[in-house]
$ cat data.cif   # mmCIF, C-alpha atoms and all ligand atoms
data_my_file
#
loop_
_atom_site.label_atom_id
_atom_site.label_comp_id
_atom_site.auth_asym_id
_atom_site.auth_seq_id
_atom_site.Cartn_x
_atom_site.Cartn_y
_atom_site.Cartn_z
CA MET A 1063 26.85 64.89 0.35
CA GLU A 1064 29.57 63.80 -2.08
CA ASP A 1065 28.34 61.88 -5.04
CA LYS A 1066 30.55 58.77 -5.34
CA ARG A 1067 29.63 58.40 -8.95
CA LEU A 1068 31.77 61.44 -9.81
CA HIS A 1069 34.99 59.70 -8.60
CA SER A 1070 34.31 56.49 -10.28
CA ASN A 1071 36.39 55.35 -13.26
CA PHE A 1072 33.28 54.08 -14.91
CA ASP A 1073 29.67 54.87 -14.79
CA TYR A 1074 28.10 53.92 -11.44
CA GLU A 1075 25.21 52.28 -13.31
CA SER A 1076 27.59 50.13 -15.34
CA ALA A 1077 27.01 46.41 -15.18
CA LEU A 1078 30.73 46.04 -14.40
CA ASN A 1079 30.22 47.73 -11.09
CA VAL A 1080 29.69 45.14 -8.37
CA GLN A 1081 26.89 46.23 -6.15
CA LYS A 1082 26.20 44.94 -2.69
CA GLY A 1083 22.53 44.20 -3.24
CA ILE A 1084 19.90 44.27 -0.56
CA GLU A 1085 19.47 41.76 2.20
CA GLN A 1086 17.19 38.91 1.21
CA PRO A 1087 14.15 38.23 3.39
CA ASP A 1088 13.68 34.64 4.59
CA ILE A 1089 11.77 32.76 1.95
CA ILE A 1090 10.62 30.06 4.27
CA ASN A 1091 11.19 29.02 7.80
CA ASN A 1092 14.96 28.66 8.03
CA SER A 1093 15.02 26.52 11.13
CA TYR A 1094 12.69 24.08 9.37
CA LEU A 1095 14.99 24.05 6.34
CA SER A 1096 18.12 23.38 8.36
CA ARG A 1097 16.32 20.68 10.34
CA MET A 1098 15.26 19.03 7.06
CA ARG A 1099 18.79 19.30 5.63
CA ALA A 1100 20.25 17.70 8.72
CA ILE A 1101 17.67 14.92 8.59
CA LYS A 1102 18.31 14.34 4.89
CA LYS A 1103 22.00 13.81 5.53
CA ALA A 1104 21.88 11.81 8.71
CA GLU A 1105 19.75 8.80 9.50
CA PRO A 1106 16.71 10.36 11.21
CA THR A 1107 15.97 9.16 14.74
CA VAL A 1108 12.75 7.38 15.70
CA GLU A 1109 11.56 10.65 17.32
CA GLU A 1110 12.30 12.66 14.18
CA LEU A 1111 10.55 10.12 11.99
CA VAL A 1112 7.46 9.99 14.20
CA ALA A 1113 7.26 13.79 14.54
CA GLY A 1114 7.71 14.18 10.77
CA ILE A 1115 5.06 11.59 9.95
CA LEU A 1116 2.55 13.19 12.32
CA GLU A 1117 3.26 16.56 10.66
CA GLY A 1118 2.48 14.93 7.30
CA ASN A 1119 6.06 15.31 6.09
CA ARG A 1120 6.33 13.15 2.96
CA THR A 1121 10.13 12.90 3.00
CA LEU A 1122 10.13 11.43 6.49
CA LEU A 1123 7.15 9.22 5.70
CA SER A 1124 9.11 7.81 2.74
CA ARG A 1125 12.18 7.32 4.92
CA ALA A 1126 10.12 5.38 7.45
CA ILE A 1127 8.62 3.25 4.69
CA THR A 1128 12.10 2.49 3.41
CA LEU A 1129 12.96 1.20 6.89
CA VAL A 1130 9.81 -0.95 6.91
CA GLU A 1131 10.87 -2.43 3.59
CA SER A 1132 14.46 -3.04 4.61
CA THR A 1133 15.55 -6.51 5.59
CA LEU A 1134 18.35 -5.29 7.88
CA PRO A 1135 17.54 -6.18 11.52
CA ALA A 1136 18.58 -2.69 12.75
CA HIS A 1137 16.22 -1.06 10.24
CA GLN A 1138 13.46 -3.46 11.19
CA ASP A 1139 13.84 -2.60 14.89
CA LYS A 1140 13.66 1.10 14.11
CA ALA A 1141 10.67 0.61 11.82
CA GLN A 1142 8.83 -1.30 14.56
CA ALA A 1143 9.54 1.49 17.06
CA VAL A 1144 8.13 4.07 14.61
CA ILE A 1145 5.05 1.95 13.86
CA GLU A 1146 4.39 1.36 17.54
CA ARG A 1147 4.39 5.10 18.19
CA CYS A 1148 2.27 5.90 15.14
CA LEU A 1149 -0.32 3.27 16.00
CA PRO A 1150 -2.51 5.53 18.18
CA TYR A 1151 -2.81 7.95 15.24
CA SER A 1152 -3.70 5.32 12.67
CA GLY A 1153 -6.91 3.56 11.69
CA LYS A 1154 -8.93 6.62 10.75
CA SER A 1155 -8.95 6.11 7.00
CA ILE A 1156 -11.15 4.26 4.57
CA ARG A 1157 -9.09 1.38 3.19
CA LEU A 1158 -10.06 0.44 -0.31
CA GLY A 1159 -8.73 -2.55 -2.25
CA ILE A 1160 -8.85 -2.53 -6.05
CA THR A 1161 -8.23 -5.56 -8.19
CA GLY A 1162 -8.73 -6.65 -11.77
CA VAL A 1163 -6.72 -8.35 -14.48
CA PRO A 1164 -3.81 -6.39 -15.97
CA GLY A 1165 -5.29 -3.91 -18.42
CA ALA A 1166 -8.69 -3.77 -16.70
CA GLY A 1167 -8.03 -0.09 -15.97
CA LYS A 1168 -7.02 -0.14 -12.30
CA SER A 1169 -4.48 2.65 -12.48
CA THR A 1170 -6.67 4.78 -14.76
CA THR A 1171 -9.54 4.30 -12.31
CA ILE A 1172 -7.32 5.11 -9.33
CA GLU A 1173 -6.13 8.24 -11.13
CA ALA A 1174 -9.74 9.34 -11.78
CA LEU A 1175 -10.98 8.43 -8.31
CA GLY A 1176 -7.89 9.80 -6.55
CA THR A 1177 -7.99 13.19 -8.27
CA MET A 1178 -11.72 13.46 -7.58
CA LEU A 1179 -11.07 12.75 -3.90
CA THR A 1180 -8.14 15.15 -3.54
CA SER A 1181 -10.24 17.89 -5.15
CA HIS A 1182 -12.66 17.29 -2.27
CA ASN A 1183 -9.87 17.76 0.28
CA HIS A 1184 -9.18 14.10 0.88
CA LYS A 1185 -5.61 12.91 1.22
CA VAL A 1186 -5.11 9.74 -0.80
CA ALA A 1187 -2.33 7.17 -0.47
CA VAL A 1188 -1.96 4.56 -3.21
CA LEU A 1189 -0.09 1.38 -2.34
CA ALA A 1190 0.30 -1.88 -4.19
CA ILE A 1191 0.72 -5.57 -3.51
CA ASP A 1192 2.69 -7.34 -6.16
CA PRO A 1193 4.96 -10.04 -4.77
CA SER A 1194 6.46 -10.62 -8.21
CA SER A 1195 7.58 -7.03 -8.62
CA GLU A 1196 11.20 -6.03 -8.78
CA ARG A 1197 11.39 -2.30 -8.23
CA SER A 1198 14.09 -1.85 -10.84
CA GLY A 1199 12.14 -3.79 -13.43
CA GLY A 1200 9.31 -1.28 -13.66
CA SER A 1201 6.99 -2.72 -11.06
CA ILE A 1202 3.31 -2.04 -10.77
CA LEU A 1203 2.87 1.65 -9.97
CA GLY A 1204 6.59 2.09 -10.29
CA ASP A 1205 6.09 3.72 -13.61
CA LYS A 1206 4.86 7.13 -12.55
CA THR A 1207 3.38 7.88 -15.96
CA ARG A 1208 0.57 5.48 -15.13
CA MET A 1209 -0.91 8.05 -12.77
CA GLU A 1210 0.34 11.30 -14.12
CA ALA A 1211 -1.93 13.74 -12.32
CA LEU A 1212 -1.99 11.86 -9.03
CA SER A 1213 1.78 11.45 -8.90
CA ILE A 1214 2.26 15.23 -8.76
CA ASP A 1215 -0.78 15.94 -6.61
CA PRO A 1216 0.39 17.30 -3.22
CA ASN A 1217 -2.52 15.51 -1.54
CA ALA A 1218 -1.67 12.12 -2.97
CA PHE A 1219 1.13 9.73 -2.13
CA ILE A 1220 1.97 6.84 -4.44
CA ARG A 1221 4.25 4.06 -3.35
CA PRO A 1222 5.11 1.00 -5.45
CA SER A 1223 4.77 -2.48 -4.01
CA PRO A 1224 7.43 -3.57 -1.55
CA SER A 1225 9.83 -5.46 -3.81
CA ALA A 1226 9.73 -9.16 -4.49
CA GLY A 1227 9.53 -11.49 -1.56
CA SER A 1228 7.13 -13.95 -0.07
CA LEU A 1229 3.51 -12.84 -0.29
CA GLY A 1230 3.31 -12.93 3.51
CA GLY A 1231 6.29 -10.59 3.78
CA VAL A 1232 4.97 -8.17 1.16
CA ALA A 1233 1.52 -8.17 2.81
CA ARG A 1234 2.95 -7.49 6.24
CA LYS A 1235 5.00 -4.58 4.93
CA THR A 1236 1.97 -3.15 3.12
CA ARG A 1237 -0.10 -3.33 6.32
CA GLU A 1238 2.60 -1.47 8.19
CA ILE A 1239 2.84 1.14 5.43
CA ILE A 1240 -0.94 1.65 5.68
CA LEU A 1241 -0.55 2.50 9.38
CA LEU A 1242 2.22 5.00 8.67
CA CYS A 1243 0.23 6.68 5.89
CA GLU A 1244 -2.78 6.97 8.18
CA ALA A 1245 -0.67 8.54 10.90
CA ALA A 1246 0.57 11.00 8.25
CA GLY A 1247 -3.02 12.10 7.69
CA PHE A 1248 -4.03 10.13 4.61
CA ASP A 1249 -7.74 9.44 4.99
CA VAL A 1250 -8.22 7.25 1.93
CA ILE A 1251 -5.82 4.37 1.38
CA ILE A 1252 -6.06 2.52 -1.92
CA VAL A 1253 -4.36 -0.85 -2.20
CA GLU A 1254 -3.97 -2.04 -5.77
CA THR A 1255 -3.25 -5.66 -6.62
CA VAL A 1256 -2.29 -7.27 -9.88
CA GLY A 1257 -5.41 -9.32 -10.25
CA VAL A 1258 -3.74 -12.64 -10.73
CA GLY A 1259 -3.70 -15.06 -7.83
CA GLN A 1260 -3.14 -14.90 -4.12
CA SER A 1261 -2.31 -11.22 -3.70
CA GLU A 1262 -6.07 -10.50 -3.75
CA VAL A 1263 -6.57 -12.59 -0.64
CA ALA A 1264 -3.80 -10.67 1.08
CA ALA A 1265 -5.21 -7.30 -0.01
CA HIS A 1266 -8.70 -8.33 1.06
CA SER A 1267 -7.33 -9.09 4.51
CA MET A 1268 -6.23 -5.49 5.02
CA VAL A 1269 -8.97 -3.35 3.50
CA ASP A 1270 -12.50 -2.31 4.44
CA PHE A 1271 -13.93 -2.43 0.94
CA PHE A 1272 -12.87 -4.55 -1.99
CA LEU A 1273 -13.57 -3.45 -5.55
CA LEU A 1274 -13.26 -5.74 -8.54
CA LEU A 1275 -12.84 -4.15 -11.95
CA GLN A 1276 -14.07 -6.28 -14.80
CA LEU A 1277 -14.31 -5.85 -18.54
CA ALA A 1278 -17.32 -6.63 -20.66
CA ASN A 1279 -15.46 -8.99 -22.91
CA THR A 1280 -13.51 -11.29 -20.64
CA GLY A 1281 -13.96 -14.85 -21.76
CA ASP A 1282 -15.55 -17.56 -19.62
CA GLU A 1283 -12.15 -18.89 -18.77
CA LEU A 1284 -11.03 -15.68 -17.05
CA GLN A 1285 -14.33 -15.35 -15.26
CA GLY A 1286 -13.77 -18.83 -13.89
CA ILE A 1287 -10.48 -17.72 -12.36
CA LYS A 1288 -12.23 -14.75 -10.86
CA ARG A 1289 -14.89 -16.76 -9.04
CA GLY A 1290 -13.07 -16.79 -5.72
CA ILE A 1291 -12.22 -13.15 -6.10
CA MET A 1292 -15.81 -12.33 -7.01
CA GLU A 1293 -16.90 -13.77 -3.69
CA MET A 1294 -14.62 -11.32 -1.91
CA ALA A 1295 -15.83 -8.27 -3.84
CA ASP A 1296 -18.04 -5.64 -2.20
CA MET A 1297 -18.59 -4.09 -5.60
CA ILE A 1298 -17.94 -4.92 -9.23
CA THR A 1299 -17.60 -2.28 -11.90
CA ILE A 1300 -17.61 -3.07 -15.57
CA ASN A 1301 -14.92 -0.66 -16.70
CA LYS A 1302 -14.30 0.77 -20.17
CA SER A 1303 -18.05 0.86 -20.66
CA ASP A 1304 -17.48 3.76 -23.07
CA ILE A 1305 -16.30 1.19 -25.63
CA ASP A 1306 -19.58 -0.73 -25.82
CA LYS A 1307 -22.35 0.25 -23.46
CA THR A 1308 -24.77 -2.52 -24.52
CA LYS A 1309 -22.19 -5.25 -23.97
CA SER A 1310 -21.20 -3.69 -20.65
CA GLU A 1311 -24.81 -3.64 -19.47
CA LEU A 1312 -25.20 -7.25 -20.50
CA ALA A 1313 -22.05 -8.16 -18.56
CA ALA A 1314 -23.35 -6.26 -15.52
CA THR A 1315 -26.58 -8.27 -15.60
CA GLN A 1316 -24.63 -11.52 -15.83
CA TYR A 1317 -22.51 -10.55 -12.83
CA ARG A 1318 -25.59 -9.53 -10.83
CA ASN A 1319 -27.15 -12.92 -11.56
CA ALA A 1320 -23.96 -14.73 -10.62
CA LEU A 1321 -23.67 -12.82 -7.34
CA HIS A 1322 -27.18 -13.89 -6.39
CA LEU A 1323 -25.99 -17.49 -6.47
CA PHE A 1324 -23.37 -16.82 -3.80
CA PRO A 1325 -24.31 -16.98 -0.14
CA MET A 1326 -25.07 -13.59 1.42
CA PRO A 1327 -21.77 -12.04 2.55
CA GLU A 1328 -21.05 -11.76 6.27
CA SER A 1329 -21.27 -7.98 6.00
CA GLY A 1330 -24.96 -8.22 5.10
CA TRP A 1331 -24.18 -6.03 2.09
CA LEU A 1332 -25.21 -7.27 -1.32
CA PRO A 1333 -22.40 -6.23 -3.69
CA LYS A 1334 -23.47 -3.76 -6.36
CA VAL A 1335 -22.53 -4.10 -10.01
CA MET A 1336 -22.10 -0.84 -11.90
CA LEU A 1337 -20.66 0.48 -15.13
CA SER A 1338 -17.69 2.80 -15.21
CA SER A 1339 -15.36 4.51 -17.60
CA ALA A 1340 -12.14 5.70 -16.11
CA TYR A 1341 -11.63 7.67 -19.33
CA SER A 1342 -14.78 9.75 -19.26
CA GLY A 1343 -15.10 9.65 -15.49
CA MET A 1344 -18.52 8.02 -15.83
CA GLY A 1345 -19.39 6.02 -12.73
CA ILE A 1346 -16.47 7.26 -10.63
CA GLU A 1347 -18.62 9.40 -8.37
CA GLU A 1348 -21.16 6.56 -7.99
CA LEU A 1349 -18.28 4.27 -7.15
CA TRP A 1350 -17.21 6.48 -4.27
CA ASN A 1351 -20.81 7.02 -3.13
CA ASN A 1352 -21.19 3.27 -3.02
CA VAL A 1353 -18.06 2.96 -0.87
CA MET A 1354 -19.45 5.57 1.50
CA ASP A 1355 -22.84 3.80 1.63
CA TYR A 1356 -21.07 0.54 2.44
CA VAL A 1357 -19.04 2.18 5.20
CA ALA A 1358 -22.18 3.75 6.72
CA PHE A 1359 -24.07 0.44 6.45
CA THR A 1360 -21.32 -1.70 7.99
CA LYS A 1361 -20.60 0.86 10.70
CA SER A 1362 -24.25 0.78 11.69
CA ASN A 1363 -24.44 -3.01 11.81
CA GLY A 1364 -21.05 -3.28 13.54
CA TYR A 1365 -19.38 -5.29 10.78
CA PHE A 1366 -16.89 -2.53 9.91
CA TYR A 1367 -15.18 -2.79 13.32
CA GLN A 1368 -15.61 -6.55 13.59
CA LYS A 1369 -13.80 -6.95 10.29
CA ARG A 1370 -10.91 -4.72 11.38
CA GLN A 1371 -10.66 -6.63 14.64
CA LYS A 1372 -10.60 -9.94 12.79
CA GLN A 1373 -7.89 -8.54 10.54
CA ASN A 1374 -5.85 -7.58 13.62
CA ILE A 1375 -6.25 -11.04 15.12
CA ARG A 1376 -5.16 -12.51 11.83
CA ILE A 1377 -2.01 -10.37 11.98
CA LEU A 1378 -1.29 -11.92 15.37
CA SER A 1379 -1.54 -15.49 14.15
CA GLU A 1380 0.24 -14.79 10.88
CA THR A 1381 3.11 -13.07 12.65
CA ILE A 1382 3.48 -15.92 15.13
CA GLU A 1383 3.48 -18.47 12.33
CA ALA A 1384 6.00 -16.50 10.27
CA SER A 1385 8.32 -15.93 13.26
CA LEU A 1386 8.24 -19.56 14.35
CA LYS A 1387 8.94 -20.71 10.83
CA GLU A 1388 11.85 -18.31 10.50
CA HIS A 1389 13.25 -19.35 13.88
CA PHE A 1390 12.95 -23.01 12.95
CA TYR A 1391 14.66 -22.73 9.56
CA ASN A 1392 17.41 -20.48 10.92
CA ASN A 1393 18.26 -22.97 13.66
CA GLU A 1394 21.79 -24.31 13.17
CA ILE A 1395 20.84 -27.98 13.63
CA VAL A 1396 17.87 -27.68 11.29
CA GLU A 1397 20.01 -25.91 8.69
CA HIS A 1398 22.56 -28.70 8.99
CA GLU A 1399 20.14 -31.65 8.97
CA LEU A 1400 17.60 -30.43 6.45
CA ALA A 1401 19.67 -31.39 3.39
CA THR A 1402 20.28 -34.89 4.77
CA ALA A 1403 16.57 -35.28 5.50
CA LYS A 1404 15.74 -34.32 1.92
CA GLU A 1405 18.29 -36.78 0.53
CA ASN A 1406 16.86 -39.55 2.71
CA ILE A 1407 13.34 -38.82 1.48
CA LEU A 1408 14.50 -38.90 -2.14
CA ALA A 1409 16.30 -42.21 -1.52
CA ASP A 1410 13.10 -43.62 0.02
CA LYS A 1411 14.88 -44.17 3.32
CA VAL A 1412 12.36 -42.17 5.30
CA SER A 1413 8.92 -40.68 4.79
CA GLY A 1414 8.38 -36.91 4.72
CA TYR A 1415 6.28 -37.19 7.89
CA LYS A 1416 8.93 -39.09 9.82
CA ALA A 1417 11.73 -36.78 8.63
CA ALA A 1418 9.68 -33.74 9.70
CA GLU A 1419 9.06 -35.26 13.15
CA GLN A 1420 12.76 -35.99 13.57
CA LEU A 1421 13.78 -32.48 12.53
CA ILE A 1422 11.25 -30.89 14.87
CA ALA A 1423 12.48 -33.09 17.73
CA LEU A 1424 16.08 -32.06 16.97
CA TYR A 1425 15.02 -28.42 16.91
CA PHE A 1426 13.31 -28.53 20.32
CA ASP A 1427 16.20 -30.48 21.76
CA ASN A 1428 18.63 -27.88 20.46
CA ILE A 1429 16.74 -24.88 21.80
CA SER A 1430 16.25 -26.43 25.23
CA LYS A 1431 19.99 -27.19 25.44
CA ASN A 1432 20.84 -23.61 24.47
CA LYS A 1433 18.60 -22.06 27.12
P1 LIG B 1 -4.33 -1.75 -15.23
O1 LIG B 1 -3.28 -2.65 -15.78
O2 LIG B 1 -5.51 -2.51 -14.73
O3 LIG B 1 -3.81 -0.76 -14.23
O4 LIG B 1 -4.91 -0.91 -16.47
P2 LIG B 1 -4.58 0.57 -16.95
O5 LIG B 1 -5.25 1.58 -16.07
O6 LIG B 1 -3.11 0.71 -17.14
O7 LIG B 1 -5.34 0.60 -18.34
C1 LIG B 1 -5.01 -0.27 -19.40
C2 LIG B 1 -5.38 0.40 -20.72
O8 LIG B 1 -6.77 0.61 -20.79
C3 LIG B 1 -4.73 1.74 -20.89
O9 LIG B 1 -4.33 1.90 -22.22
C4 LIG B 1 -5.83 2.71 -20.54
O10 LIG B 1 -5.65 3.94 -21.20
C5 LIG B 1 -7.07 1.97 -21.01
N1 LIG B 1 -8.28 2.32 -20.23
C6 LIG B 1 -8.38 2.38 -18.88
N2 LIG B 1 -9.62 2.74 -18.51
C7 LIG B 1 -10.33 2.91 -19.66
C8 LIG B 1 -11.70 3.28 -19.93
O11 LIG B 1 -12.52 3.54 -19.07
N3 LIG B 1 -12.06 3.31 -21.25
C9 LIG B 1 -11.20 3.01 -22.26
N4 LIG B 1 -11.66 3.07 -23.50
N5 LIG B 1 -9.92 2.66 -22.03
C10 LIG B 1 -9.49 2.63 -20.75
#

$ encode --input "data.cif" --output "structure tokens"
Amino acid sequence: MEDKRLHSNFDYESALNVQKGIEQPDIINNSYLSRMRAIKKAEPTVEELVAGILEGNRTLLSRAITLVESTLPAHQDKAQAVIERCLPYSGKSIRLGITGVPGAGKSTTIEALGTMLTSHNHKVAVLAIDPSSERSGGSILGDKTRMEALSIDPNAFIRPSPSAGSLGGVARKTREIILLCEAAGFDVIIVETVGVGQSEVAAHSMVDFFLLLQLANTGDELQGIKRGIMEMADMITINKSDIDKTKSELAATQYRNALHLFPMPESGWLPKVMLSSAYSGMGIEELWNNVMDYVAFTKSNGYFYQKRQKQNIRILSETIEASLKEHFYNNEIVEHELATAKENILADKVSGYKAAEQLIALYFDNISKNK
């Protein structure tokens, strides 16, 4: 056979010679890739979103969460359709709330706990409730460097708080995001709150277990603020105990004594107080063991399911209240008359009660006319 190299103007091996190269094998499933590219470009359908979530596809999970967070009615409708279809696949996780004042070590603890759990084949989703957060302004969890290892862990999913809005709105969105994450196969859901104010109550209303992180040196004043939150806690850990173990042990004893003064919680579970150090990892395994003990205990006495059912009933009443309120304030007559009512109250022409009665009467009159 003729050797082509002999007729060539330059050496066949020369880099100037363009060679055809060999056919490349498929690196990964091409049909999957083209499906994903198509979905990335276009708005995915409800079916595509649901199928993707159930496959554990993070891109589609994030897209669905974006719809949940959107205020556009069309997005909301689509989000509700996705949630409805994911509902049968949800509910199988352990939902853990973590609170503590800023700087108590919540994200460091979540990082330590989360990586421990993913190394034991758990899939961990970390969500947050922070009604004051503006995504762009570096919200809680928005800054990925706070959980460096977890944010690149393929078995973890971190999502910042839905952006600023009413606490009720943020809480509702977070509850819906929990359901989507569960349908996507996350079996531990951690809900972090900022540790200042009402967001704890909201977080408590959506989790199975509520952990309060405390520091050994918080002054009496701060502990006073935490009283209500302490009553909600299923466990308290004195974090950063590596700094001063003696002080931390003293603080733990004080908390144990304080907890004894509270009435026994409905769960029948006396909250434990332990020491932890998110830095050294000390206490993190005990923390998780305690969560598991609590789950086993409350599943055996029935409280675990009762609590979830109560939470679901609460969603019903909260949603009704929120919808009625929205409907009322968006009513054209109410919108029109509200300013006048306020002026009349300020001018002492009418009491707040009377003005409210009149507005409500106008509202009902208006909706019955428009039927
Ligand atoms: P968060 O605001 O509650 O989320 O607190 P962070 O997790 O961001 O922690 C606040 C600061 O405390 C950071 O500088 C952490 O590095 C530090 N920190 C967190 N946990 C520990 C701990 O167990 N020991 C020590 N010494 N420092 C810690």

$ atom_distance --input "data.cif" --atom1 "atom CA of Lys1369 of chain A" --atom2 "atom CA of Ser1261 of chain A"
18.6 Å

$ closest_residue --input "data.cif" --among "A:Ala1417, A:Leu1400, A:Ile1298, A:Val1163" --to "ligand LIG 1 (chain B)" --atoms "all atoms listed in the file"
A:Val1163

$ closest_residue --input "data.cif" --among "A:Ala1278, A:Val1396, A:Ala1401, A:Ile1127" --to "ligand LIG 1 (chain B)" --atoms "all atoms listed in the file"
A:Ala1278

$ residues_around --input "data.cif" --residues "Arg1237 of chain A" --least-positions-apart "4" --cutoff "7 Å" --atoms "only C-alpha atoms" --output "list of chain:residue names"
A:Ala1233, A:Leu1241, A:Met1268

$ closest_residue --input "data.cif" --among "A:Ala1190, A:Ile1429, A:Ile1240, A:Ile1422" --to "ligand LIG 1 (chain B)" --atoms "all atoms listed in the file"
A:Ala1190

$ atom_distance --input "data.cif" --atom1 "atom CA of Glu1254 of chain A" --atom2 "atom CA of Leu1212 of chain A"
14.4 Å

$ axis_aligned_box --input "data.cif" --around "ligand LIG 1 (chain B)" --padding-each-side "3 Å" --output "AutoDock Vina command-line options"
--center_x -7.8 --center_y 0.6 --center_z -18.9 --size_x 15.4 --size_y 12.6 --size_z 15.3

$ build_atoms --input "data.cif" --residues "segment 1152-1158 of chain A" --atoms "all heavy atoms" --output "PDB file, keeping the file's coordinate frame"
ATOM      1  N   SER A1152      -3.326   5.990  13.918  1.00  0.00           N
ATOM      2  CA  SER A1152      -3.700   5.320  12.670  1.00  0.00           C
ATOM      3  C   SER A1152      -5.137   4.822  12.756  1.00  0.00           C
ATOM      4  O   SER A1152      -5.797   4.987  13.781  1.00  0.00           O
ATOM      5  CB  SER A1152      -2.752   4.149  12.405  1.00  0.00           C
ATOM      6  OG  SER A1152      -2.966   3.173  13.398  1.00  0.00           O
ATOM      7  N   GLY A1153      -5.600   4.223  11.666  1.00  0.00           N
ATOM      8  CA  GLY A1153      -6.910   3.560  11.690  1.00  0.00           C
ATOM      9  C   GLY A1153      -8.074   4.442  11.273  1.00  0.00           C
ATOM     10  O   GLY A1153      -9.200   3.984  11.195  1.00  0.00           O
ATOM     11  N   LYS A1154      -7.785   5.727  11.002  1.00  0.00           N
ATOM     12  CA  LYS A1154      -8.930   6.620  10.750  1.00  0.00           C
ATOM     13  C   LYS A1154      -9.269   6.778   9.265  1.00  0.00           C
ATOM     14  O   LYS A1154     -10.029   7.660   8.889  1.00  0.00           O
ATOM     15  CB  LYS A1154      -8.650   7.987  11.374  1.00  0.00           C
ATOM     16  CG  LYS A1154      -8.569   7.899  12.895  1.00  0.00           C
ATOM     17  CD  LYS A1154      -8.401   9.262  13.535  1.00  0.00           C
ATOM     18  CE  LYS A1154      -7.996   9.137  14.991  1.00  0.00           C
ATOM     19  NZ  LYS A1154      -6.538   9.038  15.170  1.00  0.00           N
ATOM     20  N   SER A1155      -8.692   5.938   8.440  1.00  0.00           N
ATOM     21  CA  SER A1155      -8.950   6.110   7.000  1.00  0.00           C
ATOM     22  C   SER A1155     -10.005   5.110   6.507  1.00  0.00           C
ATOM     23  O   SER A1155     -10.422   4.209   7.234  1.00  0.00           O
ATOM     24  CB  SER A1155      -7.669   5.875   6.219  1.00  0.00           C
ATOM     25  OG  SER A1155      -7.399   4.492   6.169  1.00  0.00           O
ATOM     26  N   ILE A1156     -10.386   5.293   5.264  1.00  0.00           N
ATOM     27  CA  ILE A1156     -11.150   4.260   4.570  1.00  0.00           C
ATOM     28  C   ILE A1156     -10.115   3.506   3.744  1.00  0.00           C
ATOM     29  O   ILE A1156      -9.370   4.107   2.966  1.00  0.00           O
ATOM     30  CB  ILE A1156     -12.183   4.875   3.587  1.00  0.00           C
ATOM     31  CG1 ILE A1156     -13.099   5.880   4.289  1.00  0.00           C
ATOM     32  CG2 ILE A1156     -12.972   3.779   2.875  1.00  0.00           C
ATOM     33  CD1 ILE A1156     -14.133   5.294   5.175  1.00  0.00           C
ATOM     34  N   ARG A1157     -10.067   2.199   3.916  1.00  0.00           N
ATOM     35  CA  ARG A1157      -9.090   1.380   3.190  1.00  0.00           C
ATOM     36  C   ARG A1157      -9.809   0.647   2.064  1.00  0.00           C
ATOM     37  O   ARG A1157     -10.722  -0.132   2.305  1.00  0.00           O
ATOM     38  CB  ARG A1157      -8.438   0.378   4.149  1.00  0.00           C
ATOM     39  CG  ARG A1157      -7.772   1.053   5.343  1.00  0.00           C
ATOM     40  CD  ARG A1157      -7.409   0.038   6.417  1.00  0.00           C
ATOM     41  NE  ARG A1157      -6.810   0.674   7.591  1.00  0.00           N
ATOM     42  CZ  ARG A1157      -6.618   0.050   8.748  1.00  0.00           C
ATOM     43  NH1 ARG A1157      -6.960  -1.225   8.878  1.00  0.00           N
ATOM     44  NH2 ARG A1157      -6.068   0.681   9.775  1.00  0.00           N
ATOM     45  N   LEU A1158      -9.362   0.940   0.875  1.00  0.00           N
ATOM     46  CA  LEU A1158     -10.060   0.440  -0.310  1.00  0.00           C
ATOM     47  C   LEU A1158      -9.118  -0.439  -1.142  1.00  0.00           C
ATOM     48  O   LEU A1158      -8.035   0.005  -1.522  1.00  0.00           O
ATOM     49  CB  LEU A1158     -10.490   1.685  -1.103  1.00  0.00           C
ATOM     50  CG  LEU A1158     -11.117   1.538  -2.464  1.00  0.00           C
ATOM     51  CD1 LEU A1158     -12.477   0.876  -2.346  1.00  0.00           C
ATOM     52  CD2 LEU A1158     -11.290   2.921  -3.102  1.00  0.00           C
TER      53      LEU A1158
END
